[in-house]
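A.B. asks: Next up, coords-v3.cif (mmCIF, C-alpha atoms).
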```
data_coords
#
loop_
_atom_site.label_atom_id
_atom_site.label_comp_id
_atom_site.auth_asym_id
_atom_site.auth_seq_id
_atom_site.Cartn_x
_atom_site.Cartn_y
_atom_site.Cartn_z
CA MET A 1 31.20 -26.43 -12.77
CA LYS A 2 33.80 -29.17 -12.29
CA LYS A 3 36.04 -26.89 -10.22
CA ALA A 4 33.14 -25.82 -8.02
CA LEU A 5 32.27 -29.42 -7.19
CA GLU A 6 35.83 -30.64 -6.60
CA PRO A 7 36.25 -29.47 -2.96
CA ILE A 8 32.87 -30.95 -2.09
CA ALA A 9 33.88 -34.31 -3.59
CA LYS A 10 37.21 -34.25 -1.74
CA LYS A 11 35.44 -33.56 1.55
CA ALA A 12 33.27 -36.60 0.96
CA VAL A 13 36.35 -38.74 0.28
CA VAL A 14 38.06 -37.52 3.47
CA SER A 15 34.97 -38.32 5.52
CA HIS A 16 34.83 -41.79 3.95
CA LEU A 17 38.53 -42.46 4.73
CA GLN A 18 38.02 -41.40 8.34
CA THR A 19 34.93 -43.53 8.96
CA GLU A 20 35.70 -46.62 6.86
CA HIS A 21 39.50 -46.81 7.10
CA HIS A 22 40.00 -45.07 10.43
CA LEU A 23 42.54 -42.60 9.05
CA SER A 24 43.30 -39.40 10.88
CA GLU A 25 42.00 -36.12 9.48
CA ARG A 26 45.55 -34.96 8.67
CA ARG A 27 46.45 -38.13 6.73
CA ALA A 28 43.15 -38.32 4.90
CA CYS A 29 43.41 -34.70 3.76
CA ARG A 30 46.99 -35.26 2.61
CA LEU A 31 45.94 -38.27 0.53
CA VAL A 32 43.32 -36.31 -1.41
CA ASN A 33 45.39 -33.09 -1.50
CA LEU A 34 42.88 -31.05 0.47
CA SER A 35 43.69 -28.37 3.01
CA ARG A 36 42.45 -29.17 6.52
CA SER A 37 41.07 -25.64 6.86
CA VAL A 38 39.03 -26.18 3.70
CA PHE A 39 37.77 -29.49 5.03
CA ARG A 40 36.69 -27.92 8.32
CA TYR A 41 35.08 -24.86 6.75
CA ALA A 42 31.32 -24.72 7.02
CA ALA A 43 29.32 -22.03 5.23
CA HIS A 44 27.57 -19.65 7.58
CA GLY A 45 25.04 -18.17 5.18
CA ARG A 46 22.03 -16.56 6.79
CA ASP A 47 18.71 -18.28 6.52
CA ASP A 48 16.47 -16.01 4.46
CA SER A 49 13.45 -18.30 4.50
CA VAL A 50 11.64 -16.29 7.16
CA ILE A 51 11.99 -13.07 5.17
CA GLN A 52 11.03 -14.85 1.95
CA THR A 53 7.86 -16.17 3.59
CA ALA A 54 6.98 -12.77 5.04
CA LEU A 55 7.47 -11.01 1.70
CA THR A 56 5.53 -13.65 -0.22
CA LYS A 57 2.57 -13.43 2.18
CA LEU A 58 2.61 -9.64 2.08
CA ALA A 59 2.77 -9.61 -1.72
CA ALA A 60 -0.18 -11.99 -1.90
CA LYS A 61 -2.20 -9.84 0.50
CA HIS A 62 -1.18 -6.47 -0.97
CA PRO A 63 -0.01 -7.02 -4.56
CA GLU A 64 -0.22 -3.27 -5.21
CA PHE A 65 2.55 -2.58 -2.67
CA GLY A 66 6.03 -1.69 -3.90
CA PHE A 67 9.21 -2.39 -1.96
CA ARG A 68 8.98 0.71 0.25
CA LYS A 69 5.45 -0.05 1.42
CA MET A 70 6.36 -3.70 2.02
CA PHE A 71 9.49 -2.83 3.98
CA LEU A 72 7.69 -0.27 6.15
CA THR A 73 4.86 -2.75 6.80
CA LEU A 74 7.36 -5.42 7.87
CA ARG A 75 8.99 -2.91 10.21
CA ARG A 76 5.61 -2.01 11.69
CA LEU A 77 5.10 -5.70 12.44
CA GLY A 78 8.27 -5.65 14.56
CA ASN A 79 10.77 -7.17 12.15
CA PRO A 80 14.30 -5.69 12.52
CA TRP A 81 15.66 -6.76 9.12
CA ASN A 82 18.02 -4.40 7.28
CA HIS A 83 16.48 -2.77 4.19
CA LYS A 84 19.38 -3.88 1.97
CA ARG A 85 18.90 -7.51 2.93
CA VAL A 86 15.13 -7.30 2.46
CA TYR A 87 15.56 -5.61 -0.93
CA ARG A 88 17.99 -8.32 -2.08
CA ILE A 89 15.45 -11.00 -1.22
CA TYR A 90 12.62 -8.87 -2.66
CA CYS A 91 14.44 -8.75 -6.02
CA GLY A 92 15.36 -12.43 -5.78
CA LEU A 93 11.66 -13.24 -5.51
CA LYS A 94 11.09 -11.03 -8.58
CA LEU A 95 8.61 -8.88 -6.70
CA ASN A 96 10.08 -5.69 -8.13
CA ARG A 97 7.71 -4.53 -10.81
CA ARG A 98 8.45 -2.24 -13.73
CA ARG A 99 6.14 0.70 -14.33
CA LYS A 100 3.84 0.02 -17.27
CA HIS A 101 2.85 3.64 -17.78
CA LYS A 102 4.83 6.61 -19.04
CA ARG A 103 5.81 9.39 -16.70
CA ARG A 104 4.60 12.91 -17.20
CA VAL A 105 7.14 15.66 -17.73
CA PRO A 106 7.30 17.60 -14.43
CA SER A 107 5.65 21.01 -14.53
CA ARG A 108 8.05 23.95 -14.52
CA ASN A 109 5.67 25.94 -12.33
CA PRO A 110 3.91 23.40 -10.10
CA LEU A 111 1.15 24.62 -7.84
CA PRO A 112 1.23 22.36 -4.80
CA LEU A 113 -2.05 21.42 -3.22
CA ALA A 114 -2.17 23.06 0.20
CA VAL A 115 -2.24 20.64 3.13
CA PRO A 116 -4.86 21.61 5.76
CA GLU A 117 -3.58 22.49 9.21
CA THR A 118 -6.22 20.56 11.11
CA VAL A 119 -8.92 17.93 10.81
CA ASN A 120 -12.23 18.77 9.06
CA GLN A 121 -10.73 21.84 7.43
CA VAL A 122 -11.02 20.42 3.89
CA TRP A 123 -12.67 17.26 2.61
CA SER A 124 -12.28 15.99 -0.95
CA ALA A 125 -14.86 13.92 -2.80
CA ASP A 126 -15.03 12.22 -6.17
CA PHE A 127 -16.79 9.51 -8.16
CA MET A 128 -15.32 6.35 -9.65
CA SER A 129 -16.86 3.74 -11.92
CA ASP A 130 -16.29 0.06 -12.68
CA ALA A 131 -18.20 -3.04 -13.78
CA LEU A 132 -19.21 -6.42 -12.40
CA TRP A 133 -18.29 -9.68 -14.14
CA ASN A 134 -21.63 -9.65 -16.00
CA GLY A 135 -20.92 -6.17 -17.41
CA ARG A 136 -23.25 -4.29 -15.09
CA ARG A 137 -21.77 -0.88 -14.29
CA PHE A 138 -21.54 0.55 -10.76
CA ARG A 139 -20.20 3.72 -9.20
CA THR A 140 -18.44 4.64 -5.98
CA PHE A 141 -18.58 7.98 -4.17
CA ASN A 142 -15.40 8.51 -2.16
CA VAL A 143 -14.83 11.08 0.59
CA ILE A 144 -11.54 11.74 2.39
CA ASP A 145 -10.18 14.29 4.87
CA ASP A 146 -7.25 16.06 3.21
CA PHE A 147 -5.55 16.67 6.57
CA ASN A 148 -4.69 13.05 7.35
CA ARG A 149 -5.87 11.39 4.08
CA GLU A 150 -8.40 9.36 6.09
CA ALA A 151 -11.11 7.70 4.03
CA LEU A 152 -14.40 8.88 5.55
CA ALA A 153 -16.82 7.13 3.20
CA ILE A 154 -17.02 4.96 0.10
CA GLU A 155 -20.59 4.56 -1.12
CA ILE A 156 -21.16 1.86 -3.75
CA ASP A 157 -24.22 1.44 -5.96
CA THR A 158 -25.35 1.26 -9.58
CA GLY A 159 -26.41 4.89 -9.38
CA ILE A 160 -25.74 7.69 -6.89
CA SER A 161 -27.87 10.81 -7.19
CA ALA A 162 -27.31 14.28 -5.76
CA GLN A 163 -29.81 13.53 -2.99
CA ARG A 164 -27.80 10.37 -2.16
CA VAL A 165 -24.63 12.48 -1.99
CA VAL A 166 -26.30 14.77 0.55
CA ARG A 167 -27.34 11.78 2.70
CA ILE A 168 -23.79 10.38 2.63
CA LEU A 169 -22.33 13.73 3.69
CA ASP A 170 -24.91 14.05 6.48
CA GLN A 171 -24.19 10.53 7.74
CA THR A 172 -20.45 11.18 7.72
CA ALA A 173 -20.88 14.48 9.56
CA VAL A 174 -22.78 12.74 12.38
CA TRP A 175 -19.62 10.99 13.63
CA ARG A 176 -16.94 13.17 12.07
CA GLY A 177 -18.35 16.68 12.31
CA LEU A 178 -18.88 19.08 9.43
CA PRO A 179 -15.96 20.29 7.32
CA GLU A 180 -15.21 23.93 6.62
CA LYS A 181 -14.91 23.19 2.91
CA ILE A 182 -15.45 20.32 0.46
CA ARG A 183 -13.53 20.11 -2.83
CA PHE A 184 -15.39 18.56 -5.81
CA ASP A 185 -14.95 18.14 -9.53
CA ASN A 186 -17.66 19.34 -11.89
CA GLY A 187 -19.83 16.20 -12.02
CA PRO A 188 -23.58 16.85 -12.42
CA GLU A 189 -24.40 15.18 -9.09
CA LEU A 190 -22.00 17.50 -7.27
CA THR A 191 -23.04 20.73 -8.98
CA ALA A 192 -26.73 20.03 -8.43
CA LEU A 193 -28.92 22.42 -6.40
CA ALA A 194 -29.46 19.77 -3.71
CA VAL A 195 -25.77 19.77 -2.80
CA ALA A 196 -25.56 23.59 -2.98
CA ASP A 197 -28.62 23.95 -0.72
CA TRP A 198 -27.17 21.48 1.78
CA ALA A 199 -23.86 23.32 1.88
CA GLU A 200 -25.56 26.70 2.39
CA GLU A 201 -27.72 25.29 5.18
CA LYS A 202 -24.76 23.68 6.97
CA GLY A 203 -22.35 26.57 6.43
CA VAL A 204 -19.96 24.47 4.34
CA ALA A 205 -18.05 26.11 1.49
CA LEU A 206 -17.93 24.28 -1.84
CA GLU A 207 -14.85 24.45 -4.08
CA PHE A 208 -14.94 23.12 -7.63
CA ILE A 209 -11.79 22.35 -9.58
CA LYS A 210 -11.28 23.60 -13.13
CA PRO A 211 -12.51 21.23 -15.86
CA GLY A 212 -9.73 18.95 -17.07
CA ARG A 213 -7.50 19.66 -14.05
CA PRO A 214 -7.92 16.56 -11.83
CA MET A 215 -4.69 17.24 -9.90
CA GLN A 216 -6.36 20.28 -8.37
CA ASN A 217 -8.10 17.57 -6.39
CA GLY A 218 -4.87 15.58 -6.02
CA PHE A 219 -5.47 14.03 -2.58
CA ILE A 220 -8.64 12.22 -3.65
CA GLU A 221 -7.09 11.33 -7.04
CA ARG A 222 -4.20 9.60 -5.25
CA PHE A 223 -6.67 7.84 -2.97
CA ASN A 224 -8.73 6.70 -5.97
CA ARG A 225 -5.63 5.18 -7.53
CA SER A 226 -4.85 3.20 -4.38
CA PHE A 227 -8.46 2.01 -4.14
CA ARG A 228 -8.52 0.93 -7.77
CA GLU A 229 -5.20 -0.94 -7.59
CA ALA A 230 -6.00 -2.71 -4.31
CA VAL A 231 -9.71 -3.50 -4.83
CA LEU A 232 -11.38 -2.67 -8.14
CA ASN A 233 -8.58 -3.99 -10.36
CA MET A 234 -7.67 -6.83 -8.03
CA TYR A 235 -10.84 -8.92 -8.02
CA ILE A 236 -13.53 -10.19 -10.36
CA PHE A 237 -16.80 -9.15 -8.70
CA GLU A 238 -20.05 -10.93 -9.37
CA SER A 239 -22.24 -8.75 -7.11
CA LEU A 240 -22.30 -5.37 -5.39
CA GLU A 241 -22.15 -7.15 -2.03
CA GLU A 242 -18.76 -8.59 -2.94
CA VAL A 243 -17.53 -5.10 -3.87
CA LYS A 244 -18.79 -3.68 -0.56
CA THR A 245 -17.28 -6.50 1.49
CA GLU A 246 -13.81 -6.19 -0.04
CA THR A 247 -14.00 -2.40 0.19
CA GLU A 248 -14.76 -2.53 3.92
CA LYS A 249 -11.80 -4.85 4.51
CA TRP A 250 -9.48 -2.59 2.54
CA LEU A 251 -10.75 0.56 4.27
CA ASP A 252 -9.78 -0.84 7.65
CA ILE A 253 -6.27 -1.62 6.39
CA TYR A 254 -5.94 1.76 4.65
CA ASN A 255 -7.06 3.85 7.62
CA GLN A 256 -5.58 1.81 10.46
CA HIS A 257 -2.43 0.11 9.18
CA ARG A 258 -1.22 1.27 5.75
CA PRO A 259 1.85 3.56 6.07
CA HIS A 260 1.58 6.81 4.15
CA ASP A 261 4.70 8.57 2.86
CA SER A 262 3.34 12.08 3.31
CA LEU A 263 2.27 11.31 6.88
CA GLY A 264 5.74 10.31 8.02
CA ASN A 265 5.02 6.62 7.33
CA LEU A 266 2.09 6.63 9.74
CA SER A 267 -1.40 5.43 8.90
CA PRO A 268 -4.16 8.09 8.72
CA ILE A 269 -5.53 7.09 12.13
CA GLU A 270 -2.07 7.04 13.73
CA TYR A 271 -1.32 10.48 12.29
CA LEU A 272 -4.60 11.85 13.67
CA GLN A 273 -3.92 10.35 17.10
CA LYS A 274 -0.43 11.88 17.12
CA PHE A 275 -1.87 15.26 16.15
CA ASN A 276 -4.54 15.06 18.85
CA SER A 277 -1.99 14.14 21.53
CA LYS A 278 0.13 17.18 20.62
CA THR A 279 -2.96 19.39 20.68
CA VAL A 280 -3.92 18.19 24.16
CA THR A 281 -0.44 18.72 25.59
#
```
Could you render the structure as C-alpha coordinates?

C.D. replies:
Amino acid sequence: MKKALEPIAKKAVVSHLQTEHHLSERRACRLVNLSRSVFRYAAHGRDDSVIQTALTKLAAKHPEFGFRKMFLTLRRLGNPWNHKRVYRIYCGLKLNRRRKHKRRVPSRNPLPLAVPETVNQVWSADFMSDALWNGRRFRTFNVIDDFNREALAIEIDTGISAQRVVRILDQTAVWRGLPEKIRFDNGPELTALAVADWAEEKGVALEFIKPGRPMQNGFIERFNRSFREAVLNMYIFESLEEVKTETEKWLDIYNQHRPHDSLGNLSPIEYLQKFNSKTVT
(Lines of atoms letter the chains of each structure in order from A and count residues from 1; the text may use other names and numbers.)
(Lines give C-alpha, C1' and ligand atoms only; values in the text may rest on other atoms or scores of the structure.)
Protein backbone atom coordinates (compact mmCIF):
# COMPACT_ATOMS: atom_id res chain seq x y z
CA MET A 1 0.00 0.00 0.00
CA LYS A 2 2.90 2.34 0.78
CA LYS A 3 4.43 1.84 -2.67
CA ALA A 4 1.11 2.49 -4.39
CA LEU A 5 0.69 5.82 -2.61
CA GLU A 6 4.28 7.03 -3.06
CA PRO A 7 3.97 8.43 -6.63
CA ILE A 8 0.78 10.22 -5.67
CA ALA A 9 2.50 11.83 -2.67
CA LYS A 10 5.47 12.87 -4.81
CA LYS A 11 3.16 14.47 -7.36
CA ALA A 12 1.60 16.50 -4.59
CA VAL A 13 5.03 17.64 -3.40
CA VAL A 14 6.06 18.68 -6.94
CA SER A 15 2.86 20.68 -7.35
CA HIS A 16 3.50 22.37 -3.99
CA LEU A 17 7.10 23.28 -4.95
CA GLN A 18 5.90 24.77 -8.23
CA THR A 19 3.13 26.89 -6.75
CA GLU A 20 4.67 27.92 -3.41
CA HIS A 21 8.37 28.12 -4.28
CA HIS A 22 8.11 28.87 -7.98
CA LEU A 23 10.41 26.01 -8.99
CA SER A 24 10.38 24.68 -12.51
CA GLU A 25 8.81 21.30 -13.19
CA ARG A 26 12.22 19.79 -14.04
CA ARG A 27 13.87 20.98 -10.80
CA ALA A 28 10.94 20.06 -8.60
CA CYS A 29 10.81 16.53 -10.02
CA ARG A 30 14.55 16.14 -9.56
CA LEU A 31 14.30 17.17 -5.90
CA VAL A 32 11.72 14.50 -5.09
CA ASN A 33 13.26 11.90 -7.44
CA LEU A 34 10.19 11.65 -9.66
CA SER A 35 10.20 11.16 -13.41
CA ARG A 36 8.61 14.05 -15.32
CA SER A 37 6.67 11.57 -17.46
CA VAL A 38 5.21 10.03 -14.30
CA PHE A 39 4.30 13.47 -13.00
CA ARG A 40 2.53 14.38 -16.24
CA TYR A 41 0.71 11.07 -16.60
CA ALA A 42 -3.03 11.23 -16.09
CA ALA A 43 -5.14 8.08 -15.97
CA HIS A 44 -7.56 7.78 -18.85
CA GLY A 45 -9.91 5.18 -17.41
CA ARG A 46 -13.34 5.04 -18.99
CA ASP A 47 -16.28 6.29 -17.02
CA ASP A 48 -18.52 3.29 -16.39
CA SER A 49 -21.12 5.17 -14.37
CA VAL A 50 -23.59 5.36 -17.25
CA ILE A 51 -23.46 1.60 -17.79
CA GLN A 52 -23.65 0.96 -14.05
CA THR A 53 -26.78 3.11 -13.82
CA ALA A 54 -28.37 1.43 -16.83
CA LEU A 55 -27.68 -2.07 -15.48
CA THR A 56 -28.89 -1.19 -11.99
CA LYS A 57 -32.17 0.24 -13.31
CA LEU A 58 -32.70 -2.75 -15.58
CA ALA A 59 -32.00 -5.19 -12.75
CA ALA A 60 -34.48 -3.38 -10.53
CA LYS A 61 -37.14 -3.46 -13.25
CA HIS A 62 -36.46 -7.03 -14.42
CA PRO A 63 -34.70 -8.92 -11.60
CA GLU A 64 -35.39 -12.22 -13.38
CA PHE A 65 -33.16 -11.21 -16.32
CA GLY A 66 -29.72 -12.78 -16.66
CA PHE A 67 -26.78 -11.10 -18.38
CA ARG A 68 -27.82 -12.08 -21.91
CA LYS A 69 -31.32 -10.65 -21.59
CA MET A 70 -29.95 -7.48 -19.99
CA PHE A 71 -27.31 -6.99 -22.67
CA LEU A 72 -29.79 -7.54 -25.51
CA THR A 73 -32.25 -5.14 -23.89
CA LEU A 74 -29.56 -2.47 -23.58
CA ARG A 75 -28.69 -2.96 -27.24
CA ARG A 76 -32.35 -2.62 -28.21
CA LEU A 77 -32.38 0.71 -26.40
CA GLY A 78 -29.61 1.93 -28.71
CA ASN A 79 -26.58 1.50 -26.47
CA PRO A 80 -23.41 0.49 -28.40
CA TRP A 81 -21.42 -0.87 -25.45
CA ASN A 82 -19.21 -3.93 -26.00
CA HIS A 83 -20.52 -7.10 -24.34
CA LYS A 84 -17.19 -7.73 -22.58
CA ARG A 85 -17.24 -4.30 -20.97
CA VAL A 86 -20.88 -4.66 -19.95
CA TYR A 87 -20.23 -8.13 -18.51
CA ARG A 88 -17.28 -6.84 -16.48
CA ILE A 89 -19.47 -4.15 -14.95
CA TYR A 90 -22.34 -6.63 -14.57
CA CYS A 91 -20.10 -8.91 -12.48
CA GLY A 92 -18.67 -5.94 -10.59
CA LEU A 93 -22.20 -5.04 -9.51
CA LYS A 94 -22.65 -8.68 -8.42
CA LEU A 95 -25.68 -9.08 -10.65
CA ASN A 96 -24.52 -12.48 -11.84
CA ARG A 97 -26.63 -15.02 -10.03
CA ARG A 98 -25.84 -18.66 -9.37
CA ARG A 99 -28.47 -21.24 -10.24
CA LYS A 100 -30.18 -22.52 -7.11
CA HIS A 101 -31.63 -25.61 -8.74
CA LYS A 102 -29.98 -28.76 -10.03
CA ARG A 103 -29.79 -29.45 -13.73
CA ARG A 104 -31.45 -32.46 -15.26
CA VAL A 105 -29.31 -34.99 -17.09
CA PRO A 106 -29.94 -34.40 -20.83
CA SER A 107 -32.06 -37.05 -22.50
CA ARG A 108 -30.17 -39.38 -24.82
CA ASN A 109 -33.13 -39.46 -27.21
CA PRO A 110 -34.77 -36.03 -26.97
CA LEU A 111 -37.99 -35.47 -28.85
CA PRO A 112 -38.01 -31.79 -29.78
CA LEU A 113 -41.30 -29.97 -29.72
CA ALA A 114 -42.17 -29.07 -33.30
CA VAL A 115 -42.28 -25.33 -34.01
CA PRO A 116 -45.38 -24.34 -36.05
CA GLU A 117 -44.77 -22.87 -39.48
CA THR A 118 -47.32 -20.10 -39.18
CA VAL A 119 -49.51 -18.18 -36.76
CA ASN A 120 -52.62 -19.85 -35.25
CA GLN A 121 -51.39 -23.30 -36.22
CA VAL A 122 -50.94 -24.43 -32.60
CA TRP A 123 -51.88 -22.77 -29.33
CA SER A 124 -50.78 -24.05 -25.94
CA ALA A 125 -52.71 -23.55 -22.71
CA ASP A 126 -52.12 -24.38 -19.07
CA PHE A 127 -53.13 -23.50 -15.52
CA MET A 128 -50.99 -22.04 -12.75
CA SER A 129 -51.76 -21.42 -9.09
CA ASP A 130 -50.52 -19.08 -6.37
CA ALA A 131 -51.75 -17.33 -3.23
CA LEU A 132 -52.42 -13.81 -1.98
CA TRP A 133 -50.75 -12.43 1.16
CA ASN A 134 -53.75 -13.54 3.25
CA GLY A 135 -53.40 -17.14 2.03
CA ARG A 136 -56.30 -17.06 -0.40
CA ARG A 137 -55.50 -19.23 -3.42
CA PHE A 138 -56.01 -18.10 -7.02
CA ARG A 139 -55.41 -19.59 -10.45
CA THR A 140 -54.31 -18.30 -13.83
CA PHE A 141 -55.23 -19.73 -17.22
CA ASN A 142 -52.49 -18.96 -19.75
CA VAL A 143 -52.74 -19.22 -23.54
CA ILE A 144 -49.88 -18.67 -26.01
CA ASP A 145 -49.31 -19.11 -29.74
CA ASP A 146 -46.48 -21.61 -30.19
CA PHE A 147 -45.41 -19.99 -33.48
CA ASN A 148 -44.11 -16.73 -32.02
CA ARG A 149 -44.53 -17.48 -28.27
CA GLU A 150 -46.98 -14.57 -28.01
CA ALA A 151 -49.08 -14.52 -24.85
CA LEU A 152 -52.70 -14.38 -26.04
CA ALA A 153 -54.44 -14.45 -22.67
CA ILE A 154 -53.86 -14.74 -18.94
CA GLU A 155 -57.10 -15.10 -17.01
CA ILE A 156 -56.86 -14.67 -13.23
CA ASP A 157 -59.46 -15.66 -10.65
CA THR A 158 -60.01 -17.78 -7.56
CA GLY A 159 -61.64 -20.43 -9.72
CA ILE A 160 -61.78 -21.04 -13.47
CA SER A 161 -64.31 -23.58 -14.72
CA ALA A 162 -64.50 -25.37 -18.06
CA GLN A 163 -67.23 -22.96 -19.18
CA ARG A 164 -64.90 -20.05 -18.29
CA VAL A 165 -62.15 -21.66 -20.38
CA VAL A 166 -64.51 -21.77 -23.37
CA ARG A 167 -65.37 -18.07 -22.94
CA ILE A 168 -61.68 -17.13 -22.77
CA LEU A 169 -60.93 -19.08 -25.95
CA ASP A 170 -63.90 -17.48 -27.71
CA GLN A 171 -62.84 -13.99 -26.65
CA THR A 172 -59.28 -14.60 -27.83
CA ALA A 173 -60.48 -15.98 -31.17
CA VAL A 174 -62.47 -12.79 -31.83
CA TRP A 175 -59.30 -10.74 -32.37
CA ARG A 176 -56.79 -13.49 -33.10
CA GLY A 177 -58.75 -16.00 -35.14
CA LEU A 178 -59.22 -19.67 -34.32
CA PRO A 179 -56.24 -22.03 -34.08
CA GLU A 180 -55.97 -25.30 -35.95
CA LYS A 181 -55.03 -27.09 -32.74
CA ILE A 182 -54.75 -26.41 -29.00
CA ARG A 183 -52.36 -28.39 -26.78
CA PHE A 184 -53.51 -29.03 -23.17
CA ASP A 185 -52.47 -31.08 -20.18
CA ASN A 186 -54.96 -33.43 -18.56
CA GLY A 187 -56.58 -31.03 -16.07
CA PRO A 188 -60.29 -31.68 -15.38
CA GLU A 189 -61.31 -28.26 -16.70
CA LEU A 190 -59.59 -28.96 -20.01
CA THR A 191 -60.85 -32.51 -20.49
CA ALA A 192 -64.44 -31.52 -19.70
CA LEU A 193 -67.24 -32.01 -22.25
CA ALA A 194 -67.75 -28.24 -22.54
CA VAL A 195 -64.28 -27.77 -24.01
CA ALA A 196 -64.64 -30.84 -26.27
CA ASP A 197 -68.01 -29.60 -27.57
CA TRP A 198 -66.57 -26.15 -28.25
CA ALA A 199 -63.64 -27.60 -30.16
CA GLU A 200 -65.90 -29.83 -32.27
CA GLU A 201 -68.20 -26.91 -33.06
CA LYS A 202 -65.31 -24.62 -34.05
CA GLY A 203 -63.34 -27.26 -35.93
CA VAL A 204 -60.36 -27.03 -33.55
CA ALA A 205 -58.34 -30.16 -32.81
CA LEU A 206 -57.45 -30.87 -29.18
CA GLU A 207 -54.15 -32.51 -28.23
CA PHE A 208 -53.51 -33.73 -24.69
CA ILE A 209 -50.02 -34.46 -23.40
CA LYS A 210 -49.21 -37.68 -21.59
CA PRO A 211 -49.64 -37.55 -17.80
CA GLY A 212 -46.40 -36.64 -16.06
CA ARG A 213 -44.77 -35.34 -19.26
CA PRO A 214 -45.02 -31.52 -18.95
CA MET A 215 -42.26 -30.91 -21.51
CA GLN A 216 -44.58 -32.24 -24.19
CA ASN A 217 -46.15 -28.84 -23.66
CA GLY A 218 -42.74 -27.17 -23.39
CA PHE A 219 -43.58 -23.77 -24.92
CA ILE A 220 -46.24 -22.96 -22.33
CA GLU A 221 -44.10 -24.46 -19.54
CA ARG A 222 -41.27 -22.07 -20.44
CA PHE A 223 -43.74 -19.20 -20.56
CA ASN A 224 -45.14 -20.16 -17.15
CA ARG A 225 -41.65 -20.07 -15.68
CA SER A 226 -41.04 -16.56 -17.02
CA PHE A 227 -44.42 -15.39 -15.71
CA ARG A 228 -43.78 -16.86 -12.27
CA GLU A 229 -40.27 -15.38 -11.96
CA ALA A 230 -41.26 -11.92 -13.18
CA VAL A 231 -44.68 -11.53 -11.52
CA LEU A 232 -45.97 -14.23 -9.17
CA ASN A 233 -42.70 -14.70 -7.27
CA MET A 234 -41.71 -11.05 -7.47
CA TYR A 235 -44.48 -9.34 -5.52
CA ILE A 236 -46.58 -9.77 -2.41
CA PHE A 237 -50.17 -9.42 -3.61
CA GLU A 238 -52.98 -8.39 -1.32
CA SER A 239 -55.78 -8.57 -3.92
CA LEU A 240 -56.61 -10.09 -7.29
CA GLU A 241 -56.68 -6.59 -8.78
CA GLU A 242 -53.02 -6.16 -7.92
CA VAL A 243 -52.22 -9.47 -9.62
CA LYS A 244 -54.15 -8.43 -12.74
CA THR A 245 -52.54 -4.99 -12.88
CA GLU A 246 -48.97 -6.30 -12.64
CA THR A 247 -49.78 -9.08 -15.11
CA GLU A 248 -51.04 -6.59 -17.70
CA LYS A 249 -47.88 -4.50 -17.34
CA TRP A 250 -45.67 -7.56 -17.73
CA LEU A 251 -47.66 -8.87 -20.71
CA ASP A 252 -46.98 -5.67 -22.62
CA ILE A 253 -43.25 -5.97 -21.92
CA TYR A 254 -43.19 -9.69 -22.75
CA ASN A 255 -45.05 -9.38 -26.07
CA GLN A 256 -43.70 -6.05 -27.27
CA HIS A 257 -40.17 -5.63 -25.92
CA ARG A 258 -38.67 -8.74 -24.29
CA PRO A 259 -36.07 -10.38 -26.58
CA HIS A 260 -36.55 -14.11 -27.07
CA ASP A 261 -33.59 -16.38 -27.83
CA SER A 262 -35.54 -18.77 -30.05
CA LEU A 263 -36.97 -15.87 -32.06
CA GLY A 264 -33.59 -14.47 -33.04
CA ASN A 265 -33.63 -12.04 -30.09
CA LEU A 266 -36.85 -10.44 -31.31
CA SER A 267 -39.95 -9.95 -29.20
CA PRO A 268 -43.03 -12.04 -30.12
CA ILE A 269 -44.71 -9.07 -31.80
CA GLU A 270 -41.56 -8.11 -33.72
CA TYR A 271 -41.15 -11.70 -34.89
CA LEU A 272 -44.76 -11.79 -36.10
CA GLN A 273 -44.36 -8.47 -37.92
CA LYS A 274 -41.20 -9.74 -39.61
CA PHE A 275 -42.99 -12.92 -40.66
CA ASN A 276 -45.96 -10.98 -42.02
CA SER A 277 -43.71 -8.64 -44.02
CA LYS A 278 -41.98 -11.63 -45.65
CA THR A 279 -45.35 -13.21 -46.41
CA VAL A 280 -46.61 -10.05 -48.11
CA THR A 281 -43.50 -9.65 -50.26

A.B. asks: Pull out every residue that the PyMOL selection byres ((chain A and resi 156-168) around 10) matches in the shown coordinates and put them as number ranges by chain.

C.D. replies: A: 125, 127-131, 136-143, 152-155, 169-173, 187-199, 240-241, 243-244, 247

A.B. asks: Return as a VMD selection string the set of residues that the PyMOL selection byres ((chain A and resi 70-83) around 8) yields on the displayed structure.

C.D. replies: chain A and resid 54 to 55 58 to 59 65 to 69 84 to 87 258 to 259 265

A.B. asks: Hey, can you spit out that residue selection with C-alpha atoms as a CSV table (one decimal), keeping the file's coordinate frame?

C.D. replies:
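The resulting file, again.csv, is shown below:
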```csv
chain,number,residue,atom,x,y,z
A,54,ALA,CA,7.0,-12.8,5.0
A,55,LEU,CA,7.5,-11.0,1.7
A,58,LEU,CA,2.6,-9.6,2.1
A,59,ALA,CA,2.8,-9.6,-1.7
A,65,PHE,CA,2.6,-2.6,-2.7
A,66,GLY,CA,6.0,-1.7,-3.9
A,67,PHE,CA,9.2,-2.4,-2.0
A,68,ARG,CA,9.0,0.7,0.2
A,69,LYS,CA,5.4,0.0,1.4
A,84,LYS,CA,19.4,-3.9,2.0
A,85,ARG,CA,18.9,-7.5,2.9
A,86,VAL,CA,15.1,-7.3,2.5
A,87,TYR,CA,15.6,-5.6,-0.9
A,258,ARG,CA,-1.2,1.3,5.8
A,259,PRO,CA,1.8,3.6,6.1
A,265,ASN,CA,5.0,6.6,7.3
```

A.B. asks: Show me, as a list of chain:residue names, the residues that have an atom within 8 Å of Phe219 (chain A) when counting only C-alpha atoms, minus same-chain residues fewer than 5 positions from it.

C.D. replies: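 With the cut-off at 8 Å, the set is A:Ser124, A:Asp146, A:Arg149.
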
A.B. asks: In Å, how far is it from CA of Ser262 (chain A) to CA of Arg222 (chain A)?

C.D. replies: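 Answer for the CA of Ser262 (chain A) to CA of Arg222 (chain A) separation: 11.7 Å.
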
A.B. asks: Extending 5 Å beyond the listed atoms of region 145-155 of chain A on each side, what axis-aligned box results? I want centre and edge lengths in Å to one decimal, as lines of an AutoDock Vina configuration file.

C.D. replies:
```
center_x = -12.6
center_y = 10.6
center_z = 3.1
size_x = 25.9
size_y = 22.1
size_z = 18.5
```

A.B. asks: Could you state the separation of CA of Leu206 (chain A) and CA of Glu229 (chain A) in Å, given to one decimal place?

C.D. replies: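 Taking CA of Leu206 (chain A) and CA of Glu229 (chain A), their separation equals 28.8 Å.
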
A.B. asks: What does the structure give for the distance between CA of Ile269 (chain A) and CA of Arg176 (chain A), in Å to one decimal?

C.D. replies: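 Atom-to-atom, CA of Ile269 (chain A) to CA of Arg176 (chain A), that is 12.9 Å.
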